[in-house]
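upload_2.txt (compact mmCIF, C-alpha atoms)
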# COMPACT_ATOMS: atom_id res chain seq x y z
CA MET A 29 38.01 -8.79 -90.90
CA TYR A 30 41.25 -7.27 -89.65
CA LYS A 31 40.42 -7.66 -85.98
CA GLU A 32 43.31 -9.92 -85.13
CA ILE A 33 45.92 -8.28 -87.34
CA PRO A 34 48.11 -5.58 -85.76
CA LEU A 35 47.98 -2.15 -87.41
CA ILE A 36 51.64 -2.41 -88.30
CA SER A 37 51.06 -5.65 -90.25
CA LEU A 38 47.97 -4.26 -91.95
CA GLN A 39 50.01 -1.21 -93.03
CA ARG A 40 52.50 -3.44 -94.79
CA MET A 41 49.85 -5.11 -96.94
CA PRO A 42 49.65 -2.27 -99.49
CA VAL A 43 53.47 -2.18 -99.46
CA TYR A 44 53.58 -5.87 -100.43
CA LEU A 45 50.89 -5.29 -103.00
CA ASN A 46 52.81 -2.41 -104.58
CA TYR A 47 55.96 -4.43 -104.71
CA LEU A 48 54.33 -7.55 -106.14
CA LYS A 49 52.58 -5.55 -108.82
CA SER A 50 55.85 -3.87 -109.76
CA MET A 51 57.54 -7.24 -110.40
CA PRO A 52 58.13 -8.27 -114.02
CA ALA A 53 55.31 -10.48 -115.32
CA SER A 54 57.89 -13.18 -116.03
CA GLU A 55 58.32 -13.77 -112.29
CA LYS A 56 55.64 -16.38 -111.75
CA PHE A 57 56.79 -17.26 -108.24
CA VAL A 58 57.96 -15.21 -105.32
CA SER A 59 59.32 -16.29 -101.95
CA SER A 60 58.89 -14.52 -98.61
CA GLY A 61 62.69 -14.28 -98.49
CA HIS A 62 62.74 -12.43 -101.80
CA ILE A 63 60.01 -10.00 -100.66
CA ALA A 64 61.76 -9.49 -97.33
CA GLU A 65 65.06 -8.64 -98.99
CA ALA A 66 63.51 -6.30 -101.53
CA LEU A 67 61.65 -4.36 -98.83
CA GLY A 68 64.31 -4.51 -96.13
CA LEU A 69 62.14 -6.52 -93.76
CA GLY A 70 62.75 -9.72 -91.82
CA GLU A 71 61.70 -12.91 -93.58
CA VAL A 72 59.86 -14.30 -90.56
CA LEU A 73 57.90 -11.09 -90.29
CA VAL A 74 56.92 -11.20 -93.97
CA ARG A 75 55.83 -14.80 -93.64
CA LYS A 76 53.74 -13.96 -90.56
CA ASP A 77 52.11 -11.00 -92.31
CA LEU A 78 51.23 -13.04 -95.37
CA ALA A 79 49.80 -15.79 -93.17
CA TYR A 80 46.91 -13.43 -92.39
CA THR A 81 45.85 -13.80 -95.99
CA ALA A 82 44.58 -16.98 -97.65
CA ALA A 83 47.76 -17.35 -99.73
CA VAL A 84 49.63 -20.60 -99.30
CA GLY A 85 53.35 -20.72 -100.02
CA ARG A 86 54.98 -23.87 -101.39
CA PRO A 87 58.29 -25.21 -100.10
CA ARG A 88 61.29 -24.08 -102.19
CA VAL A 89 59.14 -22.21 -104.72
CA GLY A 90 57.25 -19.74 -102.57
CA TYR A 91 53.97 -18.18 -103.60
CA VAL A 92 52.44 -18.03 -107.05
CA THR A 93 52.81 -14.27 -107.57
CA GLU A 94 49.32 -13.77 -108.99
CA GLU A 95 47.72 -15.85 -106.27
CA LEU A 96 49.47 -13.83 -103.61
CA ILE A 97 48.32 -10.55 -105.16
CA SER A 98 44.72 -11.79 -105.23
CA ALA A 99 44.94 -13.09 -101.68
CA ILE A 100 46.17 -9.74 -100.33
CA GLU A 101 43.51 -7.85 -102.27
CA GLU A 102 40.81 -10.16 -100.99
CA PHE A 103 42.10 -9.86 -97.46
CA LEU A 104 42.08 -6.07 -97.61
CA CYS A 105 38.55 -5.90 -99.03
CA PHE A 106 37.21 -8.61 -96.74
CA ASN A 107 34.29 -6.44 -95.72
CA GLY A 108 33.43 -5.41 -99.24
CA LYS A 109 33.30 -1.80 -100.38
CA ARG A 110 32.54 0.78 -97.73
CA HIS A 111 31.59 4.40 -98.15
CA ALA A 112 33.09 7.03 -95.89
CA VAL A 113 32.39 10.75 -95.54
CA ILE A 114 34.47 13.66 -94.29
CA VAL A 115 33.18 16.42 -92.06
CA GLY A 116 35.25 19.60 -92.27
CA TYR A 117 36.60 20.62 -95.66
CA GLY A 118 39.60 22.59 -94.47
CA ALA A 119 43.22 21.76 -95.28
CA VAL A 120 43.08 18.29 -93.73
CA GLY A 121 39.69 17.42 -95.21
CA LYS A 122 40.94 18.49 -98.65
CA ALA A 123 44.06 16.38 -98.38
CA ILE A 124 42.02 13.31 -97.45
CA LEU A 125 39.07 13.70 -99.82
CA ASP A 126 41.29 13.49 -102.88
CA TYR A 127 43.80 10.99 -101.51
CA GLY A 128 43.75 7.82 -103.55
CA GLY A 129 45.18 5.40 -100.99
CA PHE A 130 41.90 4.18 -99.49
CA GLY A 131 40.96 2.00 -102.44
CA TYR A 132 43.45 -0.65 -101.33
CA TYR A 133 41.31 -1.22 -98.28
CA GLY A 134 38.00 -1.28 -100.10
CA ILE A 135 37.08 2.15 -98.80
CA GLU A 136 35.76 4.98 -100.91
CA ILE A 137 35.51 8.54 -99.60
CA VAL A 138 32.30 9.63 -101.27
CA ALA A 139 31.69 13.17 -100.02
CA ALA A 140 32.72 15.92 -97.66
CA PHE A 141 30.59 18.29 -95.59
CA ASP A 142 31.27 21.80 -94.42
CA SER A 143 29.32 24.64 -92.86
CA ASP A 144 31.08 27.32 -94.91
CA ALA A 145 29.02 28.10 -98.01
CA ASP A 146 32.19 29.18 -99.87
CA LYS A 147 33.62 25.69 -99.61
CA LEU A 148 30.65 23.81 -101.04
CA GLY A 149 30.69 22.38 -104.55
CA GLN A 150 33.28 19.95 -105.85
CA SER A 151 36.80 18.89 -104.94
CA PRO A 152 39.56 19.03 -107.58
CA SER A 153 38.94 15.33 -108.28
CA GLY A 154 35.21 15.96 -108.66
CA LYS A 155 33.90 14.74 -105.31
CA PRO A 156 30.95 16.61 -103.81
CA VAL A 157 31.27 18.97 -100.84
CA TYR A 158 27.82 19.35 -99.28
CA ASP A 159 26.37 21.68 -96.70
CA VAL A 160 26.66 20.07 -93.28
CA ALA A 161 23.01 21.01 -92.73
CA ASP A 162 22.15 18.30 -95.27
CA ALA A 163 24.42 15.71 -93.66
CA GLU A 164 21.65 13.57 -92.21
CA ALA A 165 19.87 13.03 -95.52
CA GLN A 166 23.08 12.70 -97.55
CA ILE A 167 24.78 10.24 -95.20
CA ALA A 168 21.70 8.02 -95.25
CA ARG A 169 21.51 8.24 -99.06
CA LEU A 170 25.22 7.47 -99.42
CA ASN A 171 24.95 4.61 -96.92
CA ALA A 172 28.10 5.77 -95.16
CA LYS A 173 28.82 4.08 -91.85
CA LEU A 174 32.33 5.44 -91.67
CA ALA A 175 33.28 9.10 -91.15
CA ILE A 176 36.36 11.25 -90.77
CA ILE A 177 36.26 14.33 -88.55
CA CYS A 178 38.49 17.16 -89.78
CA VAL A 179 37.02 20.08 -87.83
CA PRO A 180 38.70 22.09 -85.07
CA ALA A 181 38.84 20.50 -81.60
CA GLN A 182 36.06 22.62 -80.12
CA ALA A 183 33.60 21.57 -82.85
CA ALA A 184 34.51 17.87 -82.88
CA GLN A 185 32.11 16.56 -80.21
CA GLY A 186 29.13 18.26 -81.84
CA VAL A 187 30.05 16.71 -85.17
CA ALA A 188 30.51 13.29 -83.58
CA ASP A 189 27.05 13.52 -81.99
CA MET A 190 25.56 14.46 -85.35
CA LEU A 191 27.34 11.55 -87.09
CA VAL A 192 26.04 9.10 -84.49
CA ARG A 193 22.50 10.38 -85.13
CA CYS A 194 23.11 9.77 -88.84
CA GLY A 195 23.91 6.11 -88.18
CA VAL A 196 27.69 6.32 -88.53
CA LYS A 197 29.33 3.39 -86.72
CA ALA A 198 33.03 4.26 -86.83
CA ILE A 199 34.81 7.61 -86.68
CA LEU A 200 38.38 8.60 -87.43
CA SER A 201 39.14 11.98 -85.89
CA PHE A 202 41.98 14.39 -86.57
CA ALA A 203 40.72 16.80 -83.93
CA PRO A 204 42.83 16.89 -80.77
CA ALA A 205 39.82 16.28 -78.54
CA THR A 206 38.53 13.32 -76.57
CA LEU A 207 35.26 12.26 -78.19
CA LYS A 208 32.41 10.59 -76.34
CA THR A 209 30.29 8.21 -78.41
CA PRO A 210 27.71 5.62 -77.43
CA GLU A 211 28.62 1.96 -77.23
CA GLY A 212 28.85 0.40 -80.67
CA VAL A 213 30.47 3.47 -82.26
CA GLU A 214 34.23 3.07 -82.54
CA VAL A 215 36.51 6.10 -82.51
CA ARG A 216 40.15 6.35 -83.50
CA GLN A 217 42.14 9.53 -83.20
CA ILE A 218 45.10 10.61 -85.29
CA ASP A 219 46.98 13.32 -83.48
CA VAL A 220 49.77 14.47 -85.76
CA ALA A 221 51.21 16.95 -83.26
CA ALA A 222 51.34 14.40 -80.43
CA ASN A 223 53.10 11.90 -82.68
CA LEU A 224 55.64 14.53 -83.62
CA ALA A 225 56.12 15.41 -79.95
CA ILE A 226 56.86 11.78 -79.06
CA LEU A 227 59.43 11.69 -81.86
CA SER A 228 60.92 14.98 -80.78
CA SER A 229 61.42 13.65 -77.28
CA SER A 230 63.40 10.71 -78.70
CA ILE A 231 66.11 13.08 -79.98
CA LYS A 232 69.08 13.13 -77.65
CA MET B 30 61.09 13.87 -71.97
CA TYR B 31 57.95 11.95 -72.87
CA LYS B 32 59.63 8.58 -73.03
CA GLU B 33 57.60 6.97 -70.28
CA ILE B 34 54.27 8.57 -71.10
CA PRO B 35 51.90 6.66 -73.39
CA LEU B 36 50.84 8.47 -76.57
CA ILE B 37 47.23 8.42 -75.42
CA SER B 38 48.13 10.29 -72.21
CA LEU B 39 50.33 12.76 -74.05
CA GLN B 40 47.45 13.47 -76.45
CA ARG B 41 45.23 14.45 -73.56
CA MET B 42 47.65 17.09 -72.27
CA PRO B 43 46.59 19.76 -74.80
CA VAL B 44 42.97 18.81 -74.06
CA TYR B 45 43.54 19.51 -70.36
CA LEU B 46 45.37 22.70 -71.22
CA ASN B 47 42.53 23.92 -73.42
CA TYR B 48 40.00 23.17 -70.75
CA LEU B 49 41.96 24.78 -67.92
CA LYS B 50 42.54 27.91 -69.98
CA SER B 51 38.84 28.13 -70.77
CA MET B 52 37.91 28.16 -67.08
CA PRO B 53 36.78 31.47 -65.54
CA ALA B 54 39.68 33.29 -63.87
CA SER B 55 37.74 33.20 -60.62
CA GLU B 56 38.33 29.44 -60.36
CA LYS B 57 41.59 29.43 -58.49
CA PHE B 58 41.51 25.71 -57.76
CA VAL B 59 40.54 22.70 -59.80
CA SER B 60 40.27 19.05 -58.82
CA SER B 61 41.00 16.02 -60.98
CA GLY B 62 37.38 15.00 -60.40
CA HIS B 63 36.15 18.28 -61.82
CA ILE B 64 38.39 17.96 -64.90
CA ALA B 65 37.36 14.35 -65.36
CA GLU B 66 33.67 15.19 -65.29
CA ALA B 67 34.00 18.16 -67.62
CA LEU B 68 35.91 16.10 -70.20
CA GLY B 69 34.03 12.83 -69.77
CA LEU B 70 37.08 10.94 -68.56
CA GLY B 71 37.70 8.76 -65.53
CA GLU B 72 39.07 10.54 -62.47
CA VAL B 73 41.83 7.99 -61.85
CA LEU B 74 42.96 8.37 -65.44
CA VAL B 75 43.08 12.18 -65.15
CA ARG B 76 45.06 11.93 -61.93
CA LYS B 77 47.50 9.49 -63.53
CA ASP B 78 47.97 11.73 -66.57
CA LEU B 79 48.60 14.81 -64.45
CA ALA B 80 51.10 12.89 -62.33
CA TYR B 81 53.44 12.95 -65.36
CA THR B 82 53.75 16.68 -64.83
CA ALA B 83 55.33 18.41 -61.85
CA ALA B 84 51.94 19.65 -60.58
CA VAL B 85 51.05 18.61 -57.05
CA GLY B 86 47.41 18.39 -56.04
CA ARG B 87 46.32 19.17 -52.48
CA PRO B 88 43.82 17.06 -50.57
CA ARG B 89 40.23 18.40 -50.78
CA VAL B 90 41.26 21.47 -52.80
CA GLY B 91 42.90 19.98 -55.86
CA TYR B 92 45.42 21.84 -57.98
CA VAL B 93 46.05 25.56 -58.10
CA THR B 94 44.69 26.18 -61.59
CA GLU B 95 47.56 28.43 -62.69
CA GLU B 96 50.18 26.06 -61.32
CA LEU B 97 48.62 23.17 -63.19
CA ILE B 98 48.59 25.14 -66.45
CA SER B 99 52.27 26.00 -66.05
CA ALA B 100 53.16 22.43 -65.11
CA ILE B 101 51.50 21.01 -68.23
CA GLU B 102 53.12 23.63 -70.45
CA GLU B 103 56.51 22.92 -68.94
CA PHE B 104 56.00 19.20 -69.32
CA LEU B 105 55.09 19.56 -72.99
CA CYS B 106 58.07 21.78 -73.77
CA PHE B 107 60.48 19.74 -71.66
CA ASN B 108 62.97 19.55 -74.52
CA GLY B 109 62.77 23.23 -75.34
CA LYS B 110 61.80 24.55 -78.75
CA ARG B 111 62.48 22.31 -81.70
CA HIS B 112 62.41 23.12 -85.38
CA ALA B 113 60.87 20.71 -87.85
CA VAL B 114 60.73 20.72 -91.65
CA ILE B 115 58.34 19.16 -94.14
CA VAL B 116 59.40 17.44 -97.34
CA GLY B 117 56.65 17.33 -99.95
CA TYR B 118 54.39 20.34 -100.30
CA GLY B 119 51.34 18.57 -101.67
CA ALA B 120 47.94 18.48 -100.02
CA VAL B 121 49.22 16.82 -96.83
CA GLY B 122 52.30 19.01 -96.55
CA LYS B 123 50.13 22.09 -96.99
CA ALA B 124 47.73 21.00 -94.27
CA ILE B 125 50.59 20.43 -91.84
CA LEU B 126 52.76 23.45 -92.62
CA ASP B 127 50.06 25.90 -91.61
CA TYR B 128 48.56 23.84 -88.78
CA GLY B 129 48.91 25.68 -85.49
CA GLY B 130 48.70 22.72 -83.11
CA PHE B 131 52.41 21.98 -82.78
CA GLY B 132 53.17 24.95 -80.56
CA TYR B 133 51.69 23.16 -77.55
CA TYR B 134 54.51 20.68 -77.79
CA GLY B 135 57.27 23.22 -78.27
CA ILE B 136 57.61 22.34 -81.94
CA GLU B 137 57.74 24.85 -84.77
CA ILE B 138 57.42 23.80 -88.40
CA VAL B 139 59.83 26.24 -89.99
CA ALA B 140 59.84 25.35 -93.69
CA ALA B 141 58.74 22.95 -96.38
CA PHE B 142 60.64 21.56 -99.37
CA ASP B 143 59.42 20.45 -102.75
CA SER B 144 60.96 19.54 -106.09
CA ASP B 145 58.20 21.24 -108.08
CA ALA B 146 59.29 24.79 -108.98
CA ASP B 147 55.64 25.89 -109.15
CA LYS B 148 55.16 25.12 -105.46
CA LEU B 149 58.11 27.13 -104.15
CA GLY B 150 57.63 30.45 -102.39
CA GLN B 151 55.47 30.97 -99.34
CA SER B 152 52.59 29.21 -97.64
CA PRO B 153 49.35 31.13 -96.89
CA SER B 154 50.68 31.77 -93.36
CA GLY B 155 53.98 33.05 -94.74
CA LYS B 156 56.23 30.05 -94.19
CA PRO B 157 58.90 29.37 -96.80
CA VAL B 158 58.71 26.54 -99.33
CA TYR B 159 62.22 25.85 -100.61
CA ASP B 160 63.61 23.81 -103.46
CA VAL B 161 64.44 20.33 -102.17
CA ALA B 162 67.80 20.71 -103.95
CA ASP B 163 68.71 23.24 -101.25
CA ALA B 164 67.52 21.03 -98.40
CA GLU B 165 70.95 20.15 -97.08
CA ALA B 166 72.05 23.76 -96.60
CA GLN B 167 68.66 24.96 -95.37
CA ILE B 168 68.12 22.16 -92.85
CA ALA B 169 71.56 22.82 -91.37
CA ARG B 170 70.86 26.58 -91.23
CA LEU B 171 67.45 26.01 -89.64
CA ASN B 172 68.92 23.51 -87.18
CA ALA B 173 66.05 21.11 -87.80
CA LYS B 174 66.50 17.64 -86.35
CA LEU B 175 62.87 16.70 -86.91
CA ALA B 176 61.23 16.16 -90.31
CA ILE B 177 57.89 15.17 -91.75
CA ILE B 178 57.74 13.21 -94.99
CA CYS B 179 54.69 14.01 -97.14
CA VAL B 180 55.82 12.62 -100.49
CA PRO B 181 54.36 9.63 -102.36
CA ALA B 182 55.36 6.16 -101.15
CA GLN B 183 57.82 5.50 -103.96
CA ALA B 184 59.81 8.68 -103.20
CA ALA B 185 59.81 8.30 -99.41
CA GLN B 186 62.96 6.21 -98.94
CA GLY B 187 65.04 8.59 -101.06
CA VAL B 188 63.80 11.52 -99.02
CA ALA B 189 64.51 9.68 -95.76
CA ASP B 190 68.09 8.98 -96.91
CA MET B 191 68.54 12.64 -97.79
CA LEU B 192 67.17 13.76 -94.41
CA VAL B 193 69.54 11.42 -92.58
CA ARG B 194 72.45 12.95 -94.53
CA CYS B 195 71.21 16.37 -93.42
CA GLY B 196 71.46 15.37 -89.76
CA VAL B 197 67.76 14.81 -89.10
CA LYS B 198 67.29 12.51 -86.09
CA ALA B 199 63.56 11.79 -86.12
CA ILE B 200 61.10 11.39 -88.98
CA LEU B 201 57.33 11.33 -89.09
CA SER B 202 56.15 9.82 -92.36
CA PHE B 203 52.74 9.92 -94.01
CA ALA B 204 53.95 7.79 -96.90
CA PRO B 205 52.62 4.22 -96.85
CA ALA B 206 56.11 2.76 -97.16
CA THR B 207 58.46 1.00 -94.77
CA LEU B 208 61.46 3.28 -94.29
CA LYS B 209 64.95 2.09 -93.48
CA THR B 210 67.06 4.47 -91.41
CA PRO B 211 70.35 4.00 -89.57
CA GLU B 212 70.37 3.42 -85.83
CA GLY B 213 69.78 6.61 -83.91
CA VAL B 214 67.18 7.92 -86.36
CA GLU B 215 63.64 7.28 -85.13
CA VAL B 216 60.77 6.86 -87.57
CA ARG B 217 57.05 6.98 -86.94
CA GLN B 218 54.47 6.39 -89.60
CA ILE B 219 50.96 7.77 -89.79
CA ASP B 220 48.93 5.71 -92.19
CA VAL B 221 45.51 7.31 -92.46
CA ALA B 222 44.12 4.67 -94.81
CA ALA B 223 45.21 1.77 -92.62
CA ASN B 224 43.64 3.42 -89.57
CA LEU B 225 40.41 3.85 -91.47
CA ALA B 226 40.57 0.23 -92.60
CA ILE B 227 40.91 -1.00 -89.02
CA LEU B 228 37.89 1.11 -88.08
CA SER B 229 35.93 -0.12 -91.06
CA SER B 230 36.54 -3.70 -90.02
CA SER B 231 35.04 -2.94 -86.60
CA ILE B 232 31.64 -2.23 -88.16
CA LYS B 233 29.30 -5.16 -87.79
Let me see the file written as structure tokens.
Amino acid sequence: MYKEIPLISLQRMPVYLNYLKSMPASEKFVSSGHIAEALGLGEVLVRKDLAYTAAVGRPRVGYVTEELISAIEEFLCFNGKRHAVIVGYGAVGKAILDYGGFGYYGIEIVAAFDSDADKLGQSPSGKPVYDVADAEAQIARLNAKLAIICVPAQAAQGVADMLVRCGVKAILSFAPATLKTPEGVEVRQIDVAANLAILSSSIK
Amino acid sequence: MYKEIPLISLQRMPVYLNYLKSMPASEKFVSSGHIAEALGLGEVLVRKDLAYTAAVGRPRVGYVTEELISAIEEFLCFNGKRHAVIVGYGAVGKAILDYGGFGYYGIEIVAAFDSDADKLGQSPSGKPVYDVADAEAQIARLNAKLAIICVPAQAAQGVADMLVRCGVKAILSFAPATLKTPEGVEVRQIDVAANLAILSSSIK
């Protein structure tokens, strides 16, 4: 359960994991100070992040490296494996369907849906792309409660409504549109252009 | 200058713009209440958002539709046109290079860079993909102060360092890595997997 952890701390967990796994096997112990220095972060911040996990550091020695790795992995997969689906197999949907970075968080993208018959079949990594007309049956079969909307803005609300009917409980949307969903269905939006605009405005 | 506007408000600006432009030309006036209802938002929120622009609503009548459109467009392009480049022409870089949604914010993605000779040439929409070895000269020529990092996590810091040397002042990164940049160079990170993980944890 990540509820209490800020996004920014959660984002660092895979970074810690990568670093710890890249350490030589001979390094049985690792301190928060060592991790902080290697990753260019503050030591207090690293210690706070790691406190979200069940790992317990020892004075002077730090963490047992293997224990810390397991603790972070357990923390990230707290909810067990979850299946997610993508609706919209355009450029964004393609990039996400075959992206390998979700496994860290115990999430597997199991299928994509599109309305364009030419796009149906398999992704380069072998994941299925189904007809969106079959979404209801497939989403139930796949037991996916998590979905990613990668359709144009004007189609996004219709897709969200369909996903809610299919029992999806949380939606990540790349469409620059405000989505209405019933209570109990969480929505997060990633607006790449708006993020870039905020950055652009920071330039003197 | 978006400095004072929250990201969530900024993200709604293109939504307002889309809606206003879709209205019949006969609708010379539009009220915040009308916009709020059409988009399923609160009226106070809409009024607050629009107050970031130079548009002035009139009691009972609302905004002159055309004036409001111009005010939002001016607000979004406050800093004038800006060029941005992409480093990493993989699946994510491809999705972004040809995405048309940046124009709203006065941002043009002018080129991508990659180290893989097979990827160089042109994108489907005709934008150039250059060798990253030429980045320094090209970024100066293109006068790009804004860059998007779409390379794997382990290559991201090297790319960020290179971009800083090229005079880039703001970086949007899709790599799940903590980037160090000198003062005066802003970084924002979009971590799709972490966002999905937060959503996943919200499911009961």
* Asked: By how many Å are atom CA of B:Gln218 and atom CA of B:Ala162 apart?
  ->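 These atoms are spaced 24.3 Å apart.
Distances to B:Ala182 were evaluated for B:Leu208, B:Ala80, B:Val161, B:Cys195 using only C-alpha atoms, and the minimum falls at B:Leu208.
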* Nearest to A:Arg216 by atom-to-atom distance, counting all atoms listed in the file, from A:Asn171, A:Ile177, A:Ile97, A:Gly186 -> A:Ile177
* To do: Take the point (52.0, 19.3, -92.3) as written in the file and pick out every residue within 9 Å of it, counting only C-alpha atoms; give the list as a ChimeraX atom specification.
  => /A:220 /B:114-115,118,120-128,138,141,177-179
Quick one: residues within 10 Å of A:Gly68, all atoms listed in the file counted, chain neighbours fewer than 6 positions away excluded, as a compact mmCIF listing (two decimals) with C-alpha atoms, in the frame of the given file?
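out33.txt written:
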# COMPACT_ATOMS: atom_id res chain seq x y z
CA HIS A 62 62.74 -12.43 -101.80
CA THR B 207 58.46 1.00 -94.77
CA LEU B 208 61.46 3.28 -94.29
CA LYS B 209 64.95 2.09 -93.48
